[in-house]
>>> print(open('target.pdb').read())   # PDB, C-alpha atoms, pLDDT in the B column
ATOM      1  CA  ASP A 273     155.587 122.393  55.866  1.00 45.00           C
ATOM      2  CA  TYR A 274     153.493 119.392  56.885  1.00 49.00           C
ATOM      3  CA  PRO A 275     152.498 119.752  60.563  1.00 54.00           C
ATOM      4  CA  LEU A 276     153.581 116.271  61.689  1.00 52.00           C
ATOM      5  CA  CYS A 277     156.813 115.875  59.722  1.00 52.00           C
ATOM      6  CA  MET A 278     159.277 118.728  59.381  1.00 53.00           C
ATOM      7  CA  GLN A 279     162.345 118.547  57.142  1.00 56.00           C
ATOM      8  CA  GLN A 280     165.001 119.306  59.804  1.00 62.00           C
ATOM      9  CA  ARG A 281     164.707 115.951  61.600  1.00 68.00           C
ATOM     10  CA  LEU A 282     164.296 112.264  60.913  1.00 72.00           C
ATOM     11  CA  TYR A 283     160.898 110.946  61.914  1.00 78.00           C
ATOM     12  CA  SER A 284     159.967 107.358  62.641  1.00 83.00           C
ATOM     13  CA  ILE A 285     156.848 105.674  63.936  1.00 87.00           C
ATOM     14  CA  LEU A 286     156.096 102.282  65.440  1.00 87.00           C
ATOM     15  CA  ILE A 287     152.948 100.597  64.210  1.00 89.00           C
ATOM     16  CA  ARG A 288     151.145  97.466  65.325  1.00 90.00           C
ATOM     17  CA  ASP A 289     148.520  95.132  63.932  1.00 91.00           C
ATOM     18  CA  PRO A 290     145.294  97.096  64.555  1.00 93.00           C
ATOM     19  CA  VAL A 291     143.140  94.193  65.748  1.00 91.00           C
ATOM     20  CA  ASP A 292     145.814  92.935  68.123  1.00 88.00           C
ATOM     21  CA  ARG A 293     146.391  96.497  69.362  1.00 90.00           C
ATOM     22  CA  ALA A 294     142.674  97.133  69.945  1.00 91.00           C
ATOM     23  CA  ILE A 295     142.211  93.966  71.985  1.00 89.00           C
ATOM     24  CA  SER A 296     145.376  94.612  73.970  1.00 87.00           C
ATOM     25  CA  HIS A 297     144.382  98.239  74.615  1.00 88.00           C
ATOM     26  CA  GLU A 298     140.919  97.188  75.767  1.00 89.00           C
ATOM     27  CA  LEU A 299     142.381  94.552  78.119  1.00 87.00           C
ATOM     28  CA  HIS A 300     144.782  97.155  79.512  1.00 85.00           C
ATOM     29  CA  LEU A 301     141.985  99.650  80.216  1.00 86.00           C
ATOM     30  CA  GLU A 302     139.795  96.955  81.767  1.00 84.00           C
ATOM     31  CA  ALA A 303     142.684  95.763  83.967  1.00 83.00           C
ATOM     32  CA  LEU A 304     143.268  99.319  85.190  1.00 80.00           C
ATOM     33  CA  LYS A 305     139.597  99.641  86.060  1.00 79.00           C
ATOM     34  CA  ASP A 306     139.441  96.208  87.720  1.00 78.00           C
ATOM     35  CA  ASN A 307     142.553  96.869  89.810  1.00 75.00           C
ATOM     36  CA  GLY A 308     141.264 100.209  91.074  1.00 69.00           C
ATOM     37  CA  HIS A 309     144.010 102.178  89.288  1.00 64.00           C
ATOM     38  CA  HIS A 310     141.557 103.989  87.081  1.00 62.00           C
ATOM     39  CA  ASN A 311     139.833 106.991  88.690  1.00 71.00           C
ATOM     40  CA  MET A 312     138.148 108.072  85.486  1.00 71.00           C
ATOM     41  CA  HIS A 313     134.447 108.926  85.385  1.00 77.00           C
ATOM     42  CA  LYS A 314     132.432 106.153  83.686  1.00 80.00           C
ATOM     43  CA  LYS A 315     131.428 108.380  80.746  1.00 81.00           C
ATOM     44  CA  ILE A 316     135.083 109.283  80.069  1.00 78.00           C
ATOM     45  CA  PHE A 317     136.208 105.678  80.534  1.00 81.00           C
ATOM     46  CA  ASP A 318     133.550 104.478  78.058  1.00 85.00           C
ATOM     47  CA  ALA A 319     134.652 107.115  75.525  1.00 82.00           C
ATOM     48  CA  ARG A 320     138.314 106.066  75.878  1.00 83.00           C
ATOM     49  CA  LEU A 321     137.341 102.414  75.522  1.00 87.00           C
ATOM     50  CA  ALA A 322     135.345 103.145  72.360  1.00 87.00           C
ATOM     51  CA  MET A 323     138.294 105.072  70.927  1.00 85.00           C
ATOM     52  CA  ALA A 324     140.710 102.267  71.819  1.00 87.00           C
ATOM     53  CA  ARG A 325     138.522  99.658  70.148  1.00 90.00           C
ATOM     54  CA  MET A 326     137.920 101.337  66.796  1.00 90.00           C
ATOM     55  CA  ASN A 327     140.331 102.806  64.255  1.00 91.00           C
ATOM     56  CA  TYR A 328     142.631 104.355  66.857  1.00 91.00           C
ATOM     57  CA  MET A 329     145.656 104.486  64.529  1.00 92.00           C
ATOM     58  CA  THR A 330     143.698 106.407  61.891  1.00 93.00           C
ATOM     59  CA  TRP A 331     142.392 108.780  64.541  1.00 90.00           C
ATOM     60  CA  ALA A 332     145.853 109.308  66.076  1.00 90.00           C
ATOM     61  CA  LEU A 333     147.511 110.027  62.722  1.00 91.00           C
ATOM     62  CA  THR A 334     144.875 112.597  61.737  1.00 89.00           C
ATOM     63  CA  ALA A 335     143.681 114.157  65.005  1.00 80.00           C
ATOM     64  CA  ASP A 336     145.706 117.352  64.613  1.00 75.00           C
ATOM     65  CA  LEU A 337     144.891 117.704  60.926  1.00 71.00           C
ATOM     66  CA  VAL A 338     141.082 117.994  61.017  1.00 65.00           C
ATOM     67  CA  GLY A 339     138.403 119.377  63.299  1.00 61.00           C
ATOM     68  CA  ASP A 340     138.689 121.817  66.126  1.00 59.00           C
ATOM     69  CA  ASP A 341     140.216 121.161  69.548  1.00 58.00           C
ATOM     70  CA  LYS A 342     137.021 120.499  71.477  1.00 58.00           C
ATOM     71  CA  ASP A 343     135.554 117.949  69.039  1.00 61.00           C
ATOM     72  CA  ARG A 344     138.780 116.221  68.007  1.00 60.00           C
ATOM     73  CA  ALA A 345     138.643 113.459  70.639  1.00 61.00           C
ATOM     74  CA  LEU A 346     135.055 112.584  69.728  1.00 67.00           C
ATOM     75  CA  GLU A 347     135.517 112.500  65.974  1.00 75.00           C
ATOM     76  CA  VAL A 348     134.870 109.102  64.415  1.00 82.00           C
ATOM     77  CA  PRO A 349     137.383 108.387  61.608  1.00 88.00           C
ATOM     78  CA  THR A 350     136.070 108.145  58.062  1.00 92.00           C
ATOM     79  CA  LYS A 351     137.538 106.981  54.747  1.00 95.00           C
ATOM     80  CA  MET A 352     138.871 110.535  54.304  1.00 94.00           C
ATOM     81  CA  HIS A 353     140.763 110.183  57.604  1.00 93.00           C
ATOM     82  CA  ALA A 354     142.248 106.859  56.455  1.00 96.00           C
ATOM     83  CA  GLN A 355     143.530 108.532  53.294  1.00 96.00           C
ATOM     84  CA  MET A 356     145.008 111.358  55.369  1.00 94.00           C
ATOM     85  CA  ALA A 357     146.610 108.801  57.726  1.00 95.00           C
ATOM     86  CA  MET A 358     148.260 107.062  54.756  1.00 96.00           C
ATOM     87  CA  ASP A 359     149.521 110.410  53.516  1.00 95.00           C
ATOM     88  CA  THR A 360     150.917 111.118  56.989  1.00 93.00           C
ATOM     89  CA  LEU A 361     152.677 107.732  57.085  1.00 94.00           C
ATOM     90  CA  SER A 362     154.231 108.364  53.679  1.00 93.00           C
ATOM     91  CA  ARG A 363     155.907 111.474  55.117  1.00 90.00           C
ATOM     92  CA  PHE A 364     157.706 109.618  57.904  1.00 89.00           C
ATOM     93  CA  ASP A 365     161.329 108.727  57.242  1.00 84.00           C
ATOM     94  CA  PHE A 366     160.998 105.266  58.785  1.00 84.00           C
ATOM     95  CA  LEU A 367     158.119 102.975  59.734  1.00 88.00           C
ATOM     96  CA  LEU A 368     158.825 100.147  62.143  1.00 86.00           C
ATOM     97  CA  GLU A 369     156.862  97.208  63.484  1.00 85.00           C
ATOM     98  CA  LEU A 370     159.002  95.421  66.018  1.00 71.00           C
ATOM     99  CA  SER A 371     156.877  92.279  66.119  1.00 71.00           C
ATOM    100  CA  VAL A 372     156.950  91.253  62.457  1.00 70.00           C
ATOM    101  CA  ASN A 373     160.027  92.036  60.373  1.00 64.00           C
ATOM    102  CA  LEU A 374     162.793  91.926  62.941  1.00 68.00           C
ATOM    103  CA  ARG A 375     165.670  91.713  60.457  1.00 71.00           C
ATOM    104  CA  CYS A 376     164.595  94.757  58.476  1.00 77.00           C
ATOM    105  CA  ASP A 377     163.696  96.768  61.593  1.00 76.00           C
ATOM    106  CA  ALA A 378     167.115  96.018  63.109  1.00 76.00           C
ATOM    107  CA  GLU A 379     168.811  97.141  59.894  1.00 75.00           C
ATOM    108  CA  ILE A 380     166.751 100.326  59.728  1.00 75.00           C
ATOM    109  CA  LEU A 381     167.515 101.090  63.403  1.00 76.00           C
ATOM    110  CA  HIS A 382     171.205 100.592  62.649  1.00 73.00           C
ATOM    111  CA  PHE A 383     170.902 102.907  59.654  1.00 71.00           C
ATOM    112  CA  MET A 384     169.231 105.480  61.958  1.00 71.00           C
ATOM    113  CA  GLY A 385     172.291 105.294  64.210  1.00 70.00           C
ATOM    114  CA  MET A 386     170.678 103.273  66.960  1.00 71.00           C
ATOM    115  CA  GLY A 387     172.977 100.270  66.619  1.00 63.00           C
ATOM    116  CA  ASP A 388     171.637  96.869  67.498  1.00 58.00           C
ATOM    117  CA  GLN A 389     168.649  97.969  69.589  1.00 57.00           C
ATOM    118  CA  VAL A 390     166.355  95.103  68.556  1.00 55.00           C
ATOM    119  CA  LYS A 391     167.494  91.615  69.475  1.00 57.00           C
ATOM    120  CA  GLU A 392     164.185  89.731  69.385  1.00 58.00           C
ATOM    121  CA  PRO A 393     160.545  90.473  68.523  1.00 53.00           C
ATOM    122  CA  HIS A 394     158.540  92.431  71.067  1.00 52.00           C
ATOM    123  CA  LYS A 395     156.447  90.276  73.392  1.00 53.00           C
ATOM    124  CA  ASN A 396     153.874  91.584  75.839  1.00 50.00           C
ATOM    125  CA  THR A 397     154.682  90.160  79.248  1.00 50.00           C
ATOM    126  CA  ASP A 398     151.073  89.999  80.435  1.00 49.00           C
ATOM    127  CA  ALA A 399     149.148  89.138  77.325  1.00 45.00           C
ATOM    128  CA  GLY A 400     151.471  87.325  74.932  1.00 44.00           C
ATOM    129  CA  VAL A 401     152.493  88.246  71.426  1.00 43.00           C
ATOM    130  CA  ALA A 402     149.134  88.009  69.702  1.00 55.00           C
ATOM    131  CA  GLU A 403     145.986  88.829  71.633  1.00 54.00           C
ATOM    132  CA  SER A 404     144.054  87.809  68.557  1.00 55.00           C
ATOM    133  CA  GLU A 405     145.113  84.170  69.020  1.00 64.00           C
ATOM    134  CA  LYS A 406     143.331  84.018  72.402  1.00 70.00           C
ATOM    135  CA  HIS A 407     139.867  85.061  71.214  1.00 74.00           C
ATOM    136  CA  PRO A 408     137.107  83.208  69.357  1.00 79.00           C
ATOM    137  CA  PRO A 409     136.637  83.917  65.633  1.00 83.00           C
ATOM    138  CA  GLU A 410     133.331  85.745  66.195  1.00 84.00           C
ATOM    139  CA  LYS A 411     135.040  88.246  68.526  1.00 83.00           C
ATOM    140  CA  MET A 412     137.871  88.640  66.031  1.00 88.00           C
ATOM    141  CA  SER A 413     135.338  89.331  63.307  1.00 91.00           C
ATOM    142  CA  ILE A 414     133.859  92.188  65.351  1.00 93.00           C
ATOM    143  CA  TYR A 415     137.283  93.734  66.038  1.00 93.00           C
ATOM    144  CA  THR A 416     138.213  93.373  62.373  1.00 94.00           C
ATOM    145  CA  GLU A 417     135.027  95.205  61.387  1.00 95.00           C
ATOM    146  CA  TRP A 418     135.593  97.897  64.038  1.00 94.00           C
ATOM    147  CA  ASN A 419     139.124  98.505  62.730  1.00 95.00           C
ATOM    148  CA  ASP A 420     138.479  98.402  58.996  1.00 96.00           C
ATOM    149  CA  LEU A 421     140.119 101.779  58.363  1.00 97.00           C
ATOM    150  CA  ASP A 422     143.118 100.968  60.550  1.00 96.00           C
ATOM    151  CA  LEU A 423     143.589  97.686  58.695  1.00 97.00           C
ATOM    152  CA  GLU A 424     143.655  99.577  55.408  1.00 97.00           C
ATOM    153  CA  VAL A 425     146.208 102.037  56.812  1.00 97.00           C
ATOM    154  CA  TYR A 426     148.219  99.166  58.338  1.00 96.00           C
ATOM    155  CA  HIS A 427     148.459  97.283  55.037  1.00 95.00           C
ATOM    156  CA  TYR A 428     149.580 100.486  53.346  1.00 97.00           C
ATOM    157  CA  ALA A 429     152.214 100.940  56.061  1.00 94.00           C
ATOM    158  CA  ARG A 430     153.422  97.369  55.534  1.00 92.00           C
ATOM    159  CA  ARG A 431     153.922  98.128  51.821  1.00 92.00           C
ATOM    160  CA  LEU A 432     155.907 101.255  52.733  1.00 92.00           C
ATOM    161  CA  MET A 433     158.022  99.248  55.176  1.00 89.00           C
ATOM    162  CA  LYS A 434     158.766  96.668  52.482  1.00 88.00           C
ATOM    163  CA  ALA A 435     159.818  99.430  50.100  1.00 88.00           C
ATOM    164  CA  ASP A 436     162.078 100.934  52.801  1.00 84.00           C
ATOM    165  CA  CYS A 437     163.595  97.546  53.508  1.00 84.00           C
ATOM    166  CA  ASP A 438     164.194  96.844  49.812  1.00 85.00           C
ATOM    167  CA  PHE A 439     165.786 100.278  49.430  1.00 83.00           C
ATOM    168  CA  TYR A 440     167.995  99.732  52.472  1.00 79.00           C
ATOM    169  CA  HIS A 441     169.167  96.397  51.058  1.00 78.00           C
ATOM    170  CA  LYS A 442     170.117  98.166  47.832  1.00 83.00           C
ATOM    171  CA  LEU A 443     172.123 100.648  49.911  1.00 77.00           C
ATOM    172  CA  LEU A 444     173.839  97.742  51.681  1.00 76.00           C
ATOM    173  CA  LYS A 445     174.826  96.180  48.378  1.00 81.00           C
ATOM    174  CA  SER A 446     176.173  99.492  47.086  1.00 81.00           C
ATOM    175  CA  GLY A 447     178.361 100.001  50.183  1.00 75.00           C
ATOM    176  CA  TRP A 448     176.791 103.408  50.822  1.00 68.00           C
ATOM    177  CA  THR A 449     175.359 102.656  54.270  1.00 54.00           C
ATOM    178  CA  ASN A 450     178.413 103.627  56.308  1.00 56.00           C
ATOM    179  CA  LYS A 451     176.896 107.112  56.594  1.00 56.00           C
ATOM    180  CA  ARG A 452     174.242 108.071  59.126  1.00 51.00           C
ATOM    181  CA  PRO A 453     170.969 109.546  57.785  1.00 52.00           C
ATOM    182  CA  SER A 454     171.916 112.946  59.217  1.00 49.00           C
ATOM    183  CA  GLU A 455     175.106 112.887  57.116  1.00 54.00           C
ATOM    184  CA  ILE A 456     173.139 111.976  54.005  1.00 51.00           C
ATOM    185  CA  ILE A 457     170.514 114.709  54.515  1.00 47.00           C
ATOM    186  CA  MET A 458     173.017 117.520  55.054  1.00 38.00           C
TER     187      MET A 458
END
>>> encode(input="target.pdb", output="structure tokens")
Amino acid sequence: DYPLCMQQRLYSILIRDPVDRAISHELHLEALKDNGHHNMHKKIFDARLAMARMNYMTWALTADLVGDDKDRALEVPTKMHAQMAMDTLSRFDFLLELSVNLRCDAEILHFMGMGDQVKEPHKNTDAGVAESEKHPPEKMSIYTEWNDLDLEVYHYARRLMKADCDFYHKLLKSGWTNKRPSEIIM
């Protein structure tokens, strides 16, 4: 079976706007370094920063699927990796993005048996909801270019989430949603 998604369980994943995530991740790493909480060697820190800035979602969704163990962390994602990342996302049972479609995410979480876990959109306490709103357009242009593959994967994920939400609403209308996913799968 597919290495990341086995049939015996329900799998979900949280995604985030790639440009906003990259800026936030970079600010987090820089804050750790500036506050003396980061004991990492400069070469390792620079490698982590480069990974955080560029196509991290694509890399994370494909890291165990290609390459060997020693080179995996250094591999720069390609268009092939983006396609593999989309394939990986299509195998998850649920995709969630807690900062955009709160109503649908709350319904999906309820369907998963997690009740009313989401009351309001996620907000970063230190940085605010959208890091991208705090930066000049030229910086945003660079991050958009650096995350071109992740943006492609993200838009694909958003289409999958819309399809899941539409399907769930059809289940609601049919009255079939009183069962948990585990009861439906069995």
>>> resolve_selection(input="target.pdb", expression="the PyMOL selection byres ((chain A and resi 437) around 10)", output="ChimeraX atom specification")
/A:366-367,373,375-377,379-380,431-436,438-443
>>> atom_distance(input="target.pdb", atom1="CA of Asn327 (chain A)", atom2="CA of Asp422 (chain A)")
5.0 Å
>>> residues_around(input="target.pdb", residues="Ala319 (chain A)", least_positions_apart="5", cutoff="12 Å", atoms="all atoms listed in the file", output="list in words")
Glu298, Leu301, Met312, His313, Lys314, Ala324, Arg325, Met326, Ala345, Leu346, Glu347 and Val348 of chain A
>>> write_last_selection(input="target.pdb", atoms="C-alpha atoms", output="CSV table (one decimal), in the coordinates of the input")
chain,number,residue,atom,x,y,z
A,298,GLU,CA,140.9,97.2,75.8
A,301,LEU,CA,142.0,99.6,80.2
A,312,MET,CA,138.1,108.1,85.5
A,313,HIS,CA,134.4,108.9,85.4
A,314,LYS,CA,132.4,106.2,83.7
A,324,ALA,CA,140.7,102.3,71.8
A,325,ARG,CA,138.5,99.7,70.1
A,326,MET,CA,137.9,101.3,66.8
A,345,ALA,CA,138.6,113.5,70.6
A,346,LEU,CA,135.1,112.6,69.7
A,347,GLU,CA,135.5,112.5,66.0
A,348,VAL,CA,134.9,109.1,64.4
>>> closest_residue(input="target.pdb", among="A:Asp289, A:Glu417, A:Glu369, A:Asp336", to="Ala357 (chain A)", atoms="only C-alpha atoms")
A:Asp336
>>> atom_distance(input="target.pdb", atom1="CA of Phe383 (chain A)", atom2="CA of Leu333 (chain A)")
24.6 Å
>>> atom_distance(input="target.pdb", atom1="CA of Ala354 (chain A)", atom2="CA of Glu424 (chain A)")
7.5 Å
>>> resolve_selection(input="target.pdb", expression="the PyMOL selection byres ((chain A and resi 420) around 12)", output="list in words")
Asp289, Pro290, Val291, Ala294, Arg325, Met326, Asn327, Tyr328, Met329, Thr330, Pro349, Thr350, Lys351, Ala354, Ser413, Ile414, Tyr415, Thr416, Glu417, Trp418, Asn419, Leu421, Asp422, Leu423, Glu424, Val425, Tyr426 and His427 of chain A
>>> closest_residue(input="target.pdb", among="A:Leu321, A:Ala332, A:Leu444, A:Met412", to="Met358 (chain A)", atoms="all atoms listed in the file")
A:Ala332
>>> decode(input="target.pdb", residues="region 424-452 of chain A", atoms="N, CA and C atoms", output="short mmCIF file (atom, residue, chain, number, x, y, z; two decimals), in the first residue's frame")
data_model
loop_
_atom_site.label_atom_id
_atom_site.label_comp_id
_atom_site.auth_asym_id
_atom_site.auth_seq_id
_atom_site.Cartn_x
_atom_site.Cartn_y
_atom_site.Cartn_z
N GLU A 424 1.38 25.65 -6.24
CA GLU A 424 0.66 24.73 -7.13
C GLU A 424 0.01 23.60 -6.32
N VAL A 425 0.77 23.04 -5.40
CA VAL A 425 0.24 21.96 -4.55
C VAL A 425 -0.88 22.50 -3.66
N TYR A 426 -0.70 23.70 -3.12
CA TYR A 426 -1.70 24.33 -2.25
C TYR A 426 -3.01 24.55 -2.99
N HIS A 427 -2.94 25.07 -4.20
CA HIS A 427 -4.18 25.29 -4.97
C HIS A 427 -4.88 23.97 -5.29
N TYR A 428 -4.10 22.95 -5.56
CA TYR A 428 -4.68 21.62 -5.75
C TYR A 428 -5.37 21.15 -4.47
N ALA A 429 -4.71 21.35 -3.34
CA ALA A 429 -5.29 20.96 -2.05
C ALA A 429 -6.58 21.72 -1.79
N ARG A 430 -6.62 22.99 -2.14
CA ARG A 430 -7.84 23.79 -1.93
C ARG A 430 -8.99 23.22 -2.77
N ARG A 431 -8.69 22.75 -3.98
CA ARG A 431 -9.74 22.13 -4.81
C ARG A 431 -10.23 20.83 -4.17
N LEU A 432 -9.30 20.04 -3.62
CA LEU A 432 -9.70 18.82 -2.93
C LEU A 432 -10.56 19.13 -1.71
N MET A 433 -10.17 20.17 -0.97
CA MET A 433 -10.95 20.54 0.22
C MET A 433 -12.35 20.98 -0.17
N LYS A 434 -12.47 21.71 -1.27
CA LYS A 434 -13.81 22.13 -1.73
C LYS A 434 -14.64 20.91 -2.11
N ALA A 435 -14.03 19.96 -2.79
CA ALA A 435 -14.75 18.74 -3.15
C ALA A 435 -15.19 17.98 -1.90
N ASP A 436 -14.31 17.88 -0.89
CA ASP A 436 -14.67 17.22 0.37
C ASP A 436 -15.82 17.94 1.05
N CYS A 437 -15.76 19.25 1.05
CA CYS A 437 -16.81 20.04 1.70
C CYS A 437 -18.14 19.86 0.96
N ASP A 438 -18.10 19.92 -0.36
CA ASP A 438 -19.32 19.72 -1.15
C ASP A 438 -19.90 18.33 -0.89
N PHE A 439 -19.03 17.32 -0.83
CA PHE A 439 -19.48 15.96 -0.56
C PHE A 439 -20.10 15.86 0.83
N TYR A 440 -19.44 16.46 1.82
CA TYR A 440 -19.97 16.43 3.18
C TYR A 440 -21.35 17.10 3.24
N HIS A 441 -21.53 18.19 2.53
CA HIS A 441 -22.83 18.86 2.52
C HIS A 441 -23.90 17.97 1.89
N LYS A 442 -23.52 17.20 0.89
CA LYS A 442 -24.47 16.24 0.31
C LYS A 442 -24.84 15.17 1.34
N LEU A 443 -23.85 14.72 2.12
CA LEU A 443 -24.13 13.76 3.19
C LEU A 443 -25.08 14.36 4.23
N LEU A 444 -24.86 15.62 4.57
CA LEU A 444 -25.73 16.30 5.54
C LEU A 444 -27.18 16.31 5.04
N LYS A 445 -27.34 16.67 3.79
CA LYS A 445 -28.69 16.74 3.21
C LYS A 445 -29.36 15.37 3.16
N SER A 446 -28.55 14.32 2.99
CA SER A 446 -29.13 12.97 2.89
C SER A 446 -29.46 12.38 4.26
N GLY A 447 -28.95 13.01 5.35
CA GLY A 447 -29.18 12.49 6.69
C GLY A 447 -28.26 11.34 7.05
N TRP A 448 -27.23 11.11 6.28
CA TRP A 448 -26.35 9.95 6.47
C TRP A 448 -25.19 10.24 7.41
N THR A 449 -25.04 11.45 7.89
CA THR A 449 -23.84 11.83 8.64
C THR A 449 -23.91 11.52 10.12
N ASN A 450 -24.91 10.77 10.58
CA ASN A 450 -24.92 10.42 12.00
C ASN A 450 -23.95 9.30 12.31
N LYS A 451 -23.28 8.76 11.31
CA LYS A 451 -22.27 7.72 11.51
C LYS A 451 -20.88 8.34 11.50
N ARG A 452 -20.00 7.79 12.28
CA ARG A 452 -18.59 8.20 12.29
C ARG A 452 -17.90 7.55 11.09
#
